[in-house]
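Source file: coords.txt; contents: compact mmCIF, C-alpha atoms.
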# COMPACT_ATOMS: atom_id res chain seq x y z
CA VAL E 1 -20.75 -19.12 -21.11
CA HIS E 2 -21.56 -17.36 -24.39
CA LEU E 3 -23.36 -18.63 -27.49
CA ILE E 4 -21.25 -17.78 -30.51
CA PRO E 5 -22.75 -18.08 -34.01
CA VAL E 6 -20.59 -20.06 -36.46
CA ASN E 7 -21.06 -19.65 -40.21
CA PRO E 8 -18.88 -22.12 -42.10
CA ILE E 9 -18.84 -21.75 -45.93
CA ARG E 10 -20.30 -24.70 -47.87
CA GLU E 11 -18.57 -26.11 -50.93
CA ASP E 12 -21.05 -24.28 -53.18
CA GLY E 13 -19.99 -20.99 -51.55
CA LEU E 14 -23.35 -20.37 -49.79
CA ASN E 15 -23.82 -19.97 -46.07
CA PRO E 16 -25.88 -22.70 -44.45
CA LYS E 17 -28.39 -21.80 -41.75
CA SER E 18 -26.51 -20.26 -38.83
CA ARG E 19 -25.67 -22.77 -36.10
CA LYS E 20 -24.55 -21.99 -32.58
CA ARG E 21 -21.78 -23.57 -30.51
CA ILE E 22 -21.09 -23.14 -26.83
CA MET E 23 -17.69 -21.80 -25.88
CA PRO E 24 -16.52 -20.21 -22.61
CA ASP E 25 -15.09 -16.71 -23.00
CA LEU E 26 -11.82 -17.14 -21.14
CA LEU E 27 -10.76 -13.52 -21.48
CA THR E 28 -13.72 -11.78 -19.91
CA GLU E 29 -14.80 -14.14 -17.13
CA PRO E 30 -13.53 -12.63 -13.86
CA PRO E 31 -11.64 -15.08 -11.68
CA ALA E 32 -13.54 -16.28 -8.62
CA ILE E 33 -12.53 -14.41 -5.48
CA ASP E 34 -11.28 -16.61 -2.65
CA PRO E 35 -11.79 -14.48 0.49
CA VAL E 36 -9.74 -16.76 2.76
CA TYR E 37 -6.74 -16.79 0.40
CA GLU E 38 -6.93 -12.98 0.05
CA ALA E 39 -7.17 -12.57 3.84
CA HIS E 40 -4.01 -14.68 4.31
CA LEU E 41 -2.15 -12.44 1.84
CA TYR E 42 -3.40 -9.36 3.70
CA CYS E 43 -2.14 -10.71 7.05
CA ASN E 44 1.36 -11.17 5.55
CA ILE E 45 2.46 -13.50 8.38
CA PRO E 46 6.28 -13.78 8.25
CA THR E 47 7.07 -17.40 7.42
CA ILE E 48 9.20 -18.06 4.34
CA ALA E 49 12.01 -15.78 3.12
CA GLU E 50 10.69 -13.36 0.53
CA ARG E 51 12.14 -13.07 -2.96
CA SER E 52 12.15 -9.61 -4.47
CA MET E 53 13.09 -7.73 -7.64
CA GLU E 54 14.48 -4.65 -5.90
CA GLY E 55 17.92 -3.54 -7.08
CA HIS E 56 17.85 -5.40 -10.42
CA ALA E 57 19.44 -3.53 -13.33
CA PRO E 58 22.04 -4.00 -16.10
CA HIS E 59 25.58 -3.99 -14.64
CA TYR E 60 26.47 -0.57 -16.16
CA PHE E 61 23.59 1.20 -14.31
CA LYS E 62 24.29 2.95 -11.02
CA LEU E 63 21.70 3.20 -8.23
CA VAL E 64 21.62 6.79 -6.97
CA SER E 65 18.47 7.06 -4.80
CA VAL E 66 15.77 4.93 -3.18
CA GLN E 67 12.46 6.27 -1.85
CA VAL E 68 10.25 3.90 0.14
CA LEU E 69 6.61 4.30 1.18
CA ILE E 70 5.46 1.68 3.71
CA ARG E 71 2.26 0.73 5.43
CA HIS E 72 2.69 0.01 9.15
CA GLY E 73 2.87 -3.65 10.19
CA ASP E 74 0.23 -5.86 11.76
CA ARG E 75 -1.80 -4.02 14.40
CA TYR E 76 -4.53 -4.56 16.95
CA PRO E 77 -8.00 -3.52 15.63
CA LEU E 78 -9.11 0.10 15.58
CA TYR E 79 -12.71 -0.93 16.34
CA ALA E 80 -14.26 -3.43 18.77
CA ILE E 81 -17.30 -5.57 18.08
CA PRO E 82 -19.72 -4.43 20.83
CA LYS E 83 -20.56 -6.86 23.67
CA THR E 84 -17.79 -9.32 22.74
CA LYS E 85 -14.51 -10.07 24.47
CA ARG E 86 -11.62 -8.28 22.76
CA PRO E 87 -9.11 -10.60 21.01
CA ASP E 88 -6.54 -11.72 23.57
CA ILE E 89 -3.27 -10.63 21.94
CA ASP E 90 -0.08 -9.76 23.82
CA CYS E 91 1.83 -6.71 22.54
CA MET E 92 4.93 -7.33 24.68
CA LEU E 93 7.95 -8.16 22.50
CA LEU E 94 9.26 -11.63 23.35
CA PRO E 95 12.09 -12.95 21.14
CA SER E 96 11.19 -16.53 22.17
CA ARG E 97 7.62 -16.20 20.78
CA LYS E 98 6.74 -16.72 17.12
CA PRO E 99 6.91 -14.94 14.79
CA SER E 100 10.36 -13.71 15.81
CA HIS E 101 13.54 -12.35 14.22
CA PRO E 102 17.25 -12.89 15.00
CA GLN E 103 17.61 -9.15 15.71
CA LEU E 104 14.46 -8.67 17.77
CA GLU E 105 16.25 -8.81 21.13
CA ALA E 106 18.92 -6.31 20.03
CA PHE E 107 16.18 -4.07 18.57
CA ILE E 108 14.35 -3.93 21.96
CA LYS E 109 17.58 -2.98 23.78
CA HIS E 110 18.47 -0.33 21.21
CA MET E 111 15.00 1.23 21.21
CA SER E 112 15.16 1.79 24.97
CA LYS E 113 18.20 4.09 24.50
CA GLY E 114 16.76 6.53 21.98
CA SER E 115 17.12 9.84 23.82
CA ALA E 116 19.57 11.29 21.24
CA ALA E 117 17.10 11.03 18.32
CA GLN E 118 15.67 14.17 16.74
CA MET E 119 11.89 13.73 16.74
CA ASP E 120 9.43 16.34 15.50
CA GLY E 121 6.85 17.66 17.96
CA SER E 122 4.57 15.01 19.38
CA LEU E 123 6.63 12.08 17.99
CA SER E 124 9.08 12.38 20.89
CA SER E 125 6.32 11.41 23.36
CA LEU E 126 5.39 8.20 21.49
CA PRO E 127 6.76 4.81 22.61
CA ARG E 128 9.53 3.41 20.37
CA TYR E 129 8.18 -0.14 20.50
CA PRO E 130 4.94 -1.87 21.64
CA SER E 131 4.90 -2.96 25.27
CA HIS E 132 1.42 -3.81 26.59
CA SER E 133 0.46 -7.28 27.82
CA LEU E 134 -2.98 -6.72 26.26
CA CYS E 135 -2.63 -4.69 23.08
CA GLU E 136 -4.22 -1.25 23.00
CA MET E 137 -6.48 -0.28 20.09
CA GLY E 138 -4.41 0.22 16.90
CA GLU E 139 -1.16 -0.83 18.61
CA LEU E 140 1.57 -2.53 16.56
CA THR E 141 1.95 -6.21 17.46
CA GLN E 142 5.09 -8.33 17.61
CA THR E 143 4.13 -9.65 14.16
CA GLY E 144 4.09 -6.03 12.91
CA VAL E 145 7.57 -5.34 14.30
CA VAL E 146 8.96 -8.57 12.79
CA GLN E 147 7.42 -7.76 9.39
CA HIS E 148 9.41 -4.52 9.23
CA LEU E 149 12.60 -6.00 10.69
CA ARG E 150 12.38 -8.38 7.73
CA ASN E 151 11.64 -5.55 5.27
CA GLY E 152 14.69 -3.64 6.51
CA GLN E 153 16.93 -6.70 6.32
CA LEU E 154 15.80 -7.50 2.76
CA LEU E 155 16.40 -3.91 1.59
CA ARG E 156 19.77 -3.81 3.36
CA GLU E 157 21.03 -6.90 1.55
CA ILE E 158 20.17 -5.27 -1.78
CA TYR E 159 20.78 -1.54 -1.32
CA ILE E 160 23.55 -1.47 1.31
CA ASN E 161 25.49 -4.72 0.84
CA LYS E 162 25.16 -4.96 -2.95
CA HIS E 163 24.71 -1.39 -4.23
CA LYS E 164 26.51 0.53 -1.42
CA LEU E 165 23.79 3.18 -1.31
CA LEU E 166 24.93 4.17 2.21
CA LEU E 167 28.47 3.54 3.47
CA SER E 168 29.49 2.86 7.07
CA ASP E 169 30.23 6.58 7.60
CA TRP E 170 26.74 7.65 6.44
CA THR E 171 25.40 10.99 7.67
CA ALA E 172 21.98 12.25 8.80
CA LYS E 173 21.81 14.42 5.63
CA GLN E 174 21.63 11.27 3.46
CA LEU E 175 18.28 10.26 5.02
CA TYR E 176 14.83 11.78 4.86
CA LEU E 177 12.43 10.17 7.35
CA GLU E 178 8.76 11.06 7.81
CA THR E 179 5.90 9.39 9.67
CA THR E 180 2.35 10.12 10.73
CA GLY E 181 1.79 10.74 14.42
CA LYS E 182 0.67 7.20 15.32
CA SER E 183 2.85 4.90 17.41
CA ARG E 184 2.33 2.07 14.88
CA THR E 185 3.84 4.09 11.99
CA LEU E 186 6.75 5.44 14.06
CA GLN E 187 7.55 1.96 15.42
CA SER E 188 7.30 0.39 11.95
CA ALA E 189 9.77 2.97 10.58
CA LEU E 190 12.22 2.35 13.44
CA ALA E 191 12.03 -1.44 12.99
CA LEU E 192 12.78 -1.14 9.26
CA LEU E 193 15.62 1.35 9.82
CA TYR E 194 17.15 -0.79 12.57
CA THR E 195 17.87 -3.70 10.22
CA PHE E 196 18.42 -1.52 7.12
CA LEU E 197 21.03 1.04 8.17
CA PRO E 198 24.75 0.07 8.15
CA ASP E 199 24.76 1.12 11.80
CA PHE E 200 21.71 2.46 13.65
CA ASP E 201 23.00 5.62 15.33
CA TRP E 202 20.31 7.56 17.23
CA LYS E 203 22.21 10.85 16.75
CA LYS E 204 21.66 10.58 12.98
CA ILE E 205 17.94 9.80 13.17
CA ASN E 206 15.83 12.87 12.42
CA MET E 207 12.17 11.82 12.21
CA ARG E 208 9.72 14.36 10.79
CA HIS E 209 6.06 14.37 11.77
CA GLN E 210 3.41 14.40 9.02
CA TRP E 211 -0.02 15.34 10.36
CA SER E 212 -1.87 14.30 7.17
CA THR E 213 -2.39 10.62 6.29
CA ILE E 214 -2.08 11.54 2.58
CA PHE E 215 1.18 13.44 3.25
CA CYS E 216 -0.11 16.61 1.59
CA SER E 217 1.99 18.83 3.93
CA GLY E 218 1.28 22.48 3.07
CA SER E 219 -0.86 21.71 -0.02
CA CYS E 220 -3.89 20.10 1.60
CA ASP E 221 -6.54 22.63 0.61
CA CYS E 222 -8.30 20.88 -2.29
CA PRO E 223 -12.13 21.12 -2.41
CA MET E 224 -12.52 18.79 -5.41
CA ARG E 225 -10.51 16.05 -3.71
CA ASN E 226 -13.04 16.12 -0.87
CA HIS E 227 -15.89 16.09 -3.41
CA TYR E 228 -14.61 12.92 -5.12
CA LEU E 229 -14.03 11.25 -1.77
CA GLU E 230 -17.66 11.94 -0.78
CA GLU E 231 -18.87 10.56 -4.14
CA GLU E 232 -16.74 7.46 -3.62
CA GLN E 233 -18.21 6.96 -0.14
CA ARG E 234 -21.71 7.18 -1.65
CA ARG E 235 -20.74 4.51 -4.19
CA GLN E 236 -19.50 2.28 -1.33
CA TYR E 237 -22.76 2.72 0.57
CA SER E 238 -24.86 1.97 -2.53
CA LEU E 239 -22.96 -1.28 -3.21
CA ARG E 240 -23.37 -2.36 0.42
CA VAL E 241 -27.15 -1.86 0.58
CA LYS E 242 -27.59 -3.86 -2.66
CA ASN E 243 -25.78 -6.90 -1.21
CA ASN E 244 -28.51 -9.13 0.27
CA ASP E 245 -26.06 -11.80 1.46
CA LEU E 246 -24.13 -9.18 3.38
CA GLU E 247 -27.30 -7.78 4.98
CA LYS E 248 -28.37 -11.29 6.14
CA ILE E 249 -24.93 -11.86 7.67
CA TYR E 250 -25.09 -8.52 9.54
CA VAL E 251 -28.59 -9.34 10.87
CA ASP E 252 -27.39 -12.77 11.99
CA MET E 253 -24.24 -11.44 13.68
CA ALA E 254 -26.20 -8.65 15.38
CA LYS E 255 -28.55 -11.26 16.90
CA ILE E 256 -25.56 -13.27 18.17
CA VAL E 257 -24.02 -10.27 19.98
CA GLY E 258 -27.39 -8.79 20.97
CA ILE E 259 -27.22 -5.33 19.42
CA PRO E 260 -29.10 -3.53 16.59
CA THR E 261 -27.82 -4.37 13.08
CA ARG E 262 -27.01 -0.72 12.44
CA GLN E 263 -24.74 -0.59 15.50
CA LEU E 264 -22.87 -3.71 14.40
CA ARG E 265 -22.31 -2.30 10.91
CA ALA E 266 -20.99 0.96 12.39
CA SER E 267 -18.44 -0.96 14.47
CA ASN E 268 -16.76 -2.09 11.22
CA PRO E 269 -16.56 -5.78 12.18
CA ILE E 270 -14.17 -6.74 9.34
CA ASP E 271 -11.32 -4.82 11.02
CA SER E 272 -11.78 -6.77 14.23
CA LEU E 273 -12.43 -10.12 12.51
CA LEU E 274 -9.24 -9.79 10.45
CA CYS E 275 -7.30 -9.54 13.71
CA TYR E 276 -8.82 -12.80 14.97
CA PHE E 277 -8.09 -14.39 11.59
CA CYS E 278 -4.49 -13.16 11.25
CA HIS E 279 -3.63 -14.26 14.80
CA ASN E 280 -5.43 -17.59 14.52
CA VAL E 281 -7.73 -16.74 17.44
CA SER E 282 -11.29 -18.18 17.52
CA PHE E 283 -13.98 -15.71 16.48
CA PRO E 284 -16.04 -14.37 19.43
CA CYS E 285 -18.94 -16.31 20.96
CA THR E 286 -21.90 -15.34 23.17
CA LYS E 287 -24.68 -17.35 24.85
CA THR E 288 -26.65 -17.01 21.61
CA GLY E 289 -23.98 -18.47 19.32
CA CYS E 290 -20.64 -17.83 17.65
CA ILE E 291 -19.46 -15.60 14.82
CA SER E 292 -18.20 -18.11 12.24
CA MET E 293 -15.85 -18.40 9.28
CA GLU E 294 -18.93 -18.18 7.02
CA HIS E 295 -19.76 -14.73 8.45
CA PHE E 296 -16.15 -13.69 7.88
CA LYS E 297 -16.08 -14.98 4.29
CA VAL E 298 -19.21 -13.06 3.23
CA ILE E 299 -17.95 -9.77 4.72
CA LYS E 300 -14.45 -10.23 3.25
CA ARG E 301 -15.87 -11.19 -0.16
CA HIS E 302 -17.94 -8.00 -0.19
CA GLN E 303 -14.82 -5.99 0.68
CA LEU E 304 -13.02 -7.53 -2.32
CA GLU E 305 -16.00 -6.85 -4.62
CA ASP E 306 -16.00 -3.26 -3.40
CA GLU E 307 -12.32 -2.91 -4.35
CA ARG E 308 -13.06 -4.27 -7.81
CA GLU E 309 -15.99 -1.89 -8.41
CA ARG E 310 -13.88 0.98 -7.07
CA GLN E 311 -11.39 0.38 -9.89
CA GLU E 312 -14.16 0.41 -12.52
CA LYS E 313 -16.10 3.47 -11.38
CA LYS E 314 -13.13 5.92 -11.46
CA LEU E 315 -14.37 8.16 -8.60
CA TYR E 316 -11.60 6.83 -6.38
CA PHE E 317 -9.08 7.35 -9.20
CA LEU E 318 -10.05 11.04 -9.48
CA TYR E 319 -9.79 11.38 -5.70
CA SER E 320 -6.39 9.65 -5.78
CA LEU E 321 -4.89 11.97 -8.39
CA LEU E 322 -5.68 15.01 -6.23
CA ALA E 323 -4.91 13.30 -2.91
CA THR E 324 -1.44 12.10 -3.89
CA HIS E 325 -0.15 14.92 -6.07
CA PRO E 326 1.63 16.75 -3.19
CA LEU E 327 3.51 13.59 -2.16
CA LEU E 328 4.35 12.54 -5.73
CA ASN E 329 5.43 16.11 -6.54
CA GLN E 330 7.79 16.11 -3.56
CA THR E 331 9.17 12.73 -4.73
CA VAL E 332 9.71 13.95 -8.31
CA ASN E 333 11.37 17.20 -7.20
CA ARG E 334 13.83 15.26 -5.06
CA LEU E 335 14.61 12.80 -7.87
CA GLN E 336 15.18 15.68 -10.30
CA ARG E 337 17.61 17.41 -7.93
CA ILE E 338 19.57 14.18 -7.44
CA ALA E 339 19.69 13.62 -11.24
CA GLU E 340 21.13 17.14 -11.58
CA GLY E 341 23.96 16.12 -9.22
CA LYS E 342 22.76 18.05 -6.17
CA LYS E 343 23.48 16.56 -2.75
CA GLU E 344 20.10 15.27 -1.65
CA GLU E 345 18.81 12.50 0.59
CA VAL E 346 19.71 9.20 -1.09
CA PHE E 347 17.34 7.15 1.11
CA VAL E 348 13.81 8.33 1.89
CA LEU E 349 11.30 6.56 4.11
CA TYR E 350 7.65 7.55 4.50
CA SER E 351 5.87 5.46 7.15
CA ALA E 352 2.15 5.57 6.54
CA HIS E 353 -1.21 3.77 6.29
CA ASP E 354 -3.35 1.83 3.80
CA VAL E 355 -5.18 5.13 3.10
CA THR E 356 -1.81 6.60 2.00
CA LEU E 357 -0.56 3.73 -0.11
CA SER E 358 -3.83 2.80 -1.82
CA PRO E 359 -4.42 6.18 -3.55
CA VAL E 360 -0.76 6.35 -4.66
CA LEU E 361 -1.14 2.98 -6.42
CA SER E 362 -4.40 4.15 -8.00
CA ALA E 363 -2.96 7.49 -9.16
CA LEU E 364 0.04 5.77 -10.77
CA GLY E 365 -2.36 3.53 -12.69
CA ILE E 366 -1.23 0.29 -11.05
CA THR E 367 -4.70 -1.23 -11.18
CA GLU E 368 -3.60 -4.85 -10.74
CA ALA E 369 -2.09 -4.21 -7.31
CA ARG E 370 -3.78 -5.78 -4.31
CA PHE E 371 -5.04 -3.61 -1.46
CA PRO E 372 -2.04 -2.75 0.76
CA ARG E 373 -1.34 -5.64 3.13
CA PHE E 374 0.25 -5.15 6.54
CA ALA E 375 3.87 -3.94 6.07
CA ALA E 376 3.34 -3.33 2.33
CA ARG E 377 6.15 -1.40 0.64
CA LEU E 378 6.22 0.75 -2.50
CA VAL E 379 9.73 1.57 -3.72
CA PHE E 380 10.94 4.20 -6.22
CA GLU E 381 14.49 3.53 -7.44
CA LEU E 382 16.48 6.16 -9.38
CA TRP E 383 19.21 4.83 -11.70
CA GLN E 384 21.92 6.53 -13.74
CA ASP E 385 22.94 5.08 -17.09
CA GLY E 386 26.70 4.46 -16.88
CA LYS E 387 27.07 4.73 -20.67
CA ARG E 388 25.13 8.01 -20.82
CA PRO E 389 25.57 9.61 -17.37
CA LYS E 390 23.06 12.41 -18.05
CA GLU E 391 20.24 9.87 -18.57
CA HIS E 392 18.28 8.77 -15.51
CA PHE E 393 15.63 6.09 -15.16
CA ILE E 394 13.19 4.98 -12.48
CA ARG E 395 11.88 1.61 -11.40
CA ILE E 396 8.78 1.23 -9.24
CA LEU E 397 8.32 -1.91 -7.12
CA TYR E 398 5.40 -3.02 -4.99
CA ASN E 399 6.09 -5.70 -2.38
CA GLY E 400 9.16 -6.74 -4.37
CA ALA E 401 7.37 -7.04 -7.75
CA ASP E 402 8.43 -4.71 -10.57
CA VAL E 403 5.32 -2.72 -11.53
CA THR E 404 7.10 0.03 -13.51
CA PHE E 405 5.39 -0.87 -16.78
CA GLN E 406 1.96 -1.22 -15.22
CA THR E 407 2.01 2.55 -14.56
CA SER E 408 -0.13 4.70 -16.86
CA PHE E 409 2.87 6.85 -17.88
CA CYS E 410 5.23 4.01 -18.84
CA LYS E 411 2.97 1.36 -20.40
CA ASP E 412 3.52 2.62 -23.97
CA TYR E 413 7.26 3.19 -23.51
CA TYR E 414 7.69 -0.47 -22.58
CA LYS E 415 6.21 -1.57 -25.93
CA ARG E 416 8.72 0.54 -27.88
CA SER E 417 11.91 0.22 -25.84
CA SER E 418 14.34 -2.51 -24.82
CA LYS E 419 15.35 -0.62 -21.63
CA PRO E 420 14.31 -2.40 -18.42
CA MET E 421 13.23 0.89 -16.77
CA CYS E 422 11.28 4.08 -17.34
CA PRO E 423 12.95 7.41 -18.24
CA LEU E 424 12.77 9.82 -15.31
CA GLU E 425 11.22 12.52 -17.53
CA LYS E 426 8.17 10.28 -18.14
CA PHE E 427 7.47 10.29 -14.40
CA VAL E 428 8.22 14.03 -14.16
CA ASN E 429 5.83 14.87 -17.03
CA PHE E 430 3.11 12.71 -15.47
CA VAL E 431 3.32 14.45 -12.08
CA LYS E 432 3.85 18.00 -13.37
CA ARG E 433 1.36 17.93 -16.25
CA ASP E 434 -0.50 14.73 -17.15
CA MET E 435 -2.11 14.15 -13.74
CA PHE E 436 -4.31 17.20 -14.40
CA LEU E 437 -5.46 16.39 -17.97
CA VAL E 438 -8.53 14.44 -16.83
CA PHE E 439 -9.63 17.59 -14.93
CA ASN E 440 -9.06 19.77 -18.02
CA SER E 441 -6.50 21.68 -15.94
CA THR E 442 -2.82 22.52 -16.05
CA SER E 443 -2.06 22.80 -12.34
CA TYR E 444 -2.89 21.22 -8.99
CA TYR E 445 -4.43 24.47 -7.73
CA ASP E 446 -6.75 24.70 -10.74
CA ALA E 447 -7.68 20.97 -10.68
CA CYS E 448 -8.58 21.29 -7.00
CA ARG E 449 -11.13 23.94 -7.81
CA ARG E 450 -12.48 22.89 -11.23
CA ARG E 451 -15.65 20.82 -11.16
CA LEU E 452 -16.01 18.26 -13.96
CA LEU E 453 -19.29 18.49 -15.88

Let me see the file written as structure tokens.
Amino acid sequence: VHLIPVNPIREDGLNPKSRKRIMPDLLTEPPAIDPVYEAHLYCNIPTIAERSMEGHAPHYFKLVSVQVLIRHGDRYPLYAIPKTKRPDIDCMLLPSRKPSHPQLEAFIKHMSKGSAAQMDGSLSSLPRYPSHSLCEMGELTQTGVVQHLRNGQLLREIYINKHKLLLSDWTAKQLYLETTGKSRTLQSALALLYTFLPDFDWKKINMRHQWSTIFCSGSCDCPMRNHYLEEEQRRQYSLRVKNNDLEKIYVDMAKIVGIPTRQLRASNPIDSLLCYFCHNVSFPCTKTGCISMEHFKVIKRHQLEDERERQEKKLYFLYSLLATHPLLNQTVNRLQRIAEGKKEEVFVLYSAHDVTLSPVLSALGITEARFPRFAARLVFELWQDGKRPKEHFIRILYNGADVTFQTSFCKDYYKRSSKPMCPLEKFVNFVKRDMFLVFNSTSYYDACRRRLL
């Protein structure tokens, strides 16, 4: 609530003594964060059919390429809360158990026959689907598989059935597939491809292994990227120690489980608690008491406040520009070659993590996007103008919502143009040149080595 002075003019033209009236400032008051609502969105439990904006364009536009970056589906926690029983979740795939999918049974059968697939290095030794009666740490769950079976089905209806991006005689050369070396990312990619492809033929599946979670391939040497990441981690720590409510909750939870507060904090309890929450399992109890929904809300609320401050402070943004340039550069180069008429991969799938997707969103300037939920998808569509075949445009979609004009490089274009997309050259110029302006540099190599004053 702000006090705003009001100075009406009297009939004699003189100002009376200034009065004040109370009026809420609707534009600047941040909306209240509901941690439970945000946690439900993060879980992304498959219930109702999803509506999406993928594949929408004027009838005279032709879709020529689609590049998809996904986060793996729902997984078992990466950390355990010490001295508590691990959440009892079954990672066997059972088509009769919810959530399920009409193609889950066929998917399990098909995955067990995958010897003909071309898999880079260590990927060939990973399981093709989850299969433990008690999930292992970080393992994809049945929910995670179903999330990506649904993603693949949704994209198939749009890109295969409607736009004929791949025909029934598709070849391995039309796909580019890349995943990190975790079973959850490989399995997520296979689930999506199984329901997406016109016909899932193992002989045409060539899965490349990406050792870096930011997909920087051969361009990972970047000292300033590491510097900004360290600065961002300091900012995170500073926000955490200032939060008295959070500290009280950690002290209380540590007493319940009977360990030092520092040890509890180090075990990253939010990761584990989100698993209990997403799977509707009661939070852990000991003889001393139970971890409660109130504990969960305070920790989740702090996480959301941290995301908001991260947007404001810009350290993460600077990190993101340097972290994602190699991946965005690879994307732009491929789109340019396709626009020039060269035979390139028309469908690209990168299967990755929240730490891959989050900096890409930040670097593109999509500040309104939520933190990547389980099975989040970011899609780059390349379109050719049928009336002017040399002109190409891109659309960018996040979880089915068109975010093209939220990007830093296409915001202004939207105000001046009636076209429903962004010219490809705007994206090219951003990746090749404008990403480095904030570093007072003209190249990735230089920006990686130039320290801002």

*Extract, using all atoms listed in the file, all DNA, RNA and protein residues at most 10 Å from E:Met207, discarding same-chain residues fewer than 2 positions from it, and format them as JSON, numbers by chain.*
{"E": [117, 118, 119, 120, 121, 123, 124, 175, 176, 177, 178, 179, 186, 189, 190, 204, 205, 209, 210, 349, 350]}

*asked:* Env of stretch 304-310 of chain E: 8 Å cut, atoms = only C-alpha atoms, seq-sep filter 3 positions within chain, self excluded. Answer as a ChimeraX atom specification.
replied: /E:33,35,232,236,239,300-301,313-316,371

Stretch 206-299 of chain E residues near stretch 374-388 of chain E within 12 Å, closest pair each, using only C-alpha atoms, as a Markdown table:
| residue | atom | partner | partner_atom | distance |
| --- | --- | --- | --- | --- |
| E:Leu274 | CA | E:Phe374 | CA | 11.3 |
| E:Cys275 | CA | E:Phe374 | CA | 11.3 |
| E:Cys278 | CA | E:Phe374 | CA | 10.4 |

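Among the candidate residues E:Leu63, E:Ala254, E:Val68, E:Ile48, the one lying nearest to E:Leu328 is E:Val68, with distances computed using all atoms listed in the file.
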
*Can you work out which one of E:Tyr79, E:Trp202, E:Phe439, E:Trp170 has the shortest atom-to-atom distance to E:Val346, counting all atoms listed in the file?*
E:Trp170

_What does the structure give for the distance between atom CA of E:Ile291 and atom CA of E:Phe277, in Å to one decimal?_
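Between atom CA of E:Ile291 and atom CA of E:Phe277 the gap works out to 11.9 Å.
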
*Find the distance between atom CA of E:Leu322 and atom CA of E:Gly181 and write it in Å to one decimal.*
22.4 Å

*asked:* Considering all atoms listed in the file, can you say which of E:Lys182, E:Lys173, E:Lys426, E:Arg370 comes closest to E:Phe409?
replied: E:Lys426

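Here atom CA of E:Asp199 is placed at a distance of 17.0 Å from atom CA of E:Glu345.
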
At most 9 Å is the cut-off: for each residue in stretch 298-324 of chain E with any atom that close to an atom of stretch 221-226 of chain E, write down the nearest atom pair and the distance in Å rounded to one decimal, counting all atoms listed in the file, chain first then increasing number, as JSON lines.
{"residue": "E:Leu318", "atom": "CA", "partner": "E:Arg225", "partner_atom": "CA", "distance": 7.7}
{"residue": "E:Tyr319", "atom": "CA", "partner": "E:Arg225", "partner_atom": "CA", "distance": 5.1}
{"residue": "E:Ser320", "atom": "CA", "partner": "E:Arg225", "partner_atom": "CA", "distance": 7.9}
{"residue": "E:Leu321", "atom": "CA", "partner": "E:Arg225", "partner_atom": "CA", "distance": 8.4}
{"residue": "E:Leu322", "atom": "CA", "partner": "E:Arg225", "partner_atom": "CA", "distance": 5.5}
{"residue": "E:Ala323", "atom": "CA", "partner": "E:Arg225", "partner_atom": "CA", "distance": 6.3}

Expected axis-aligned box over every listed atom of stretch 74-91 of chain E, 3 Å added per side, centre plus edges in Å to one decimal, as AutoDock Vina command-line options:
--center_x -9.4 --center_y -5.8 --center_z 18.1 --size_x 28.4 --size_y 17.8 --size_z 18.7

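Residues in contact with E:Pro389 at up to 12 Å, not including ones fewer than 5 positions away on its chain and judged by only C-alpha atoms, are Tyr60, Phe61, Lys62, Leu63, Val64, Ala339, Glu340, Gly341, Trp383 and Gln384 of chain E.
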
*Which of E:Ser219, E:Ile259, E:Gln336, E:Lys343 sits closest to E:Thr171 [using all atoms listed in the file]*: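 The answer is E:Lys343, which sits nearest to E:Thr171.
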
*Excluding stretch 146-153 of chain E and any residue of its chain fewer than 5 positions from it, enumerate the residues within 8 Å of it, using all atoms listed in the file, and give them as JSON, numbers by chain.*
{"E": [44, 45, 46, 73, 74, 99, 100, 101, 103, 104, 188, 189, 191, 192, 193, 194, 195, 196, 375]}
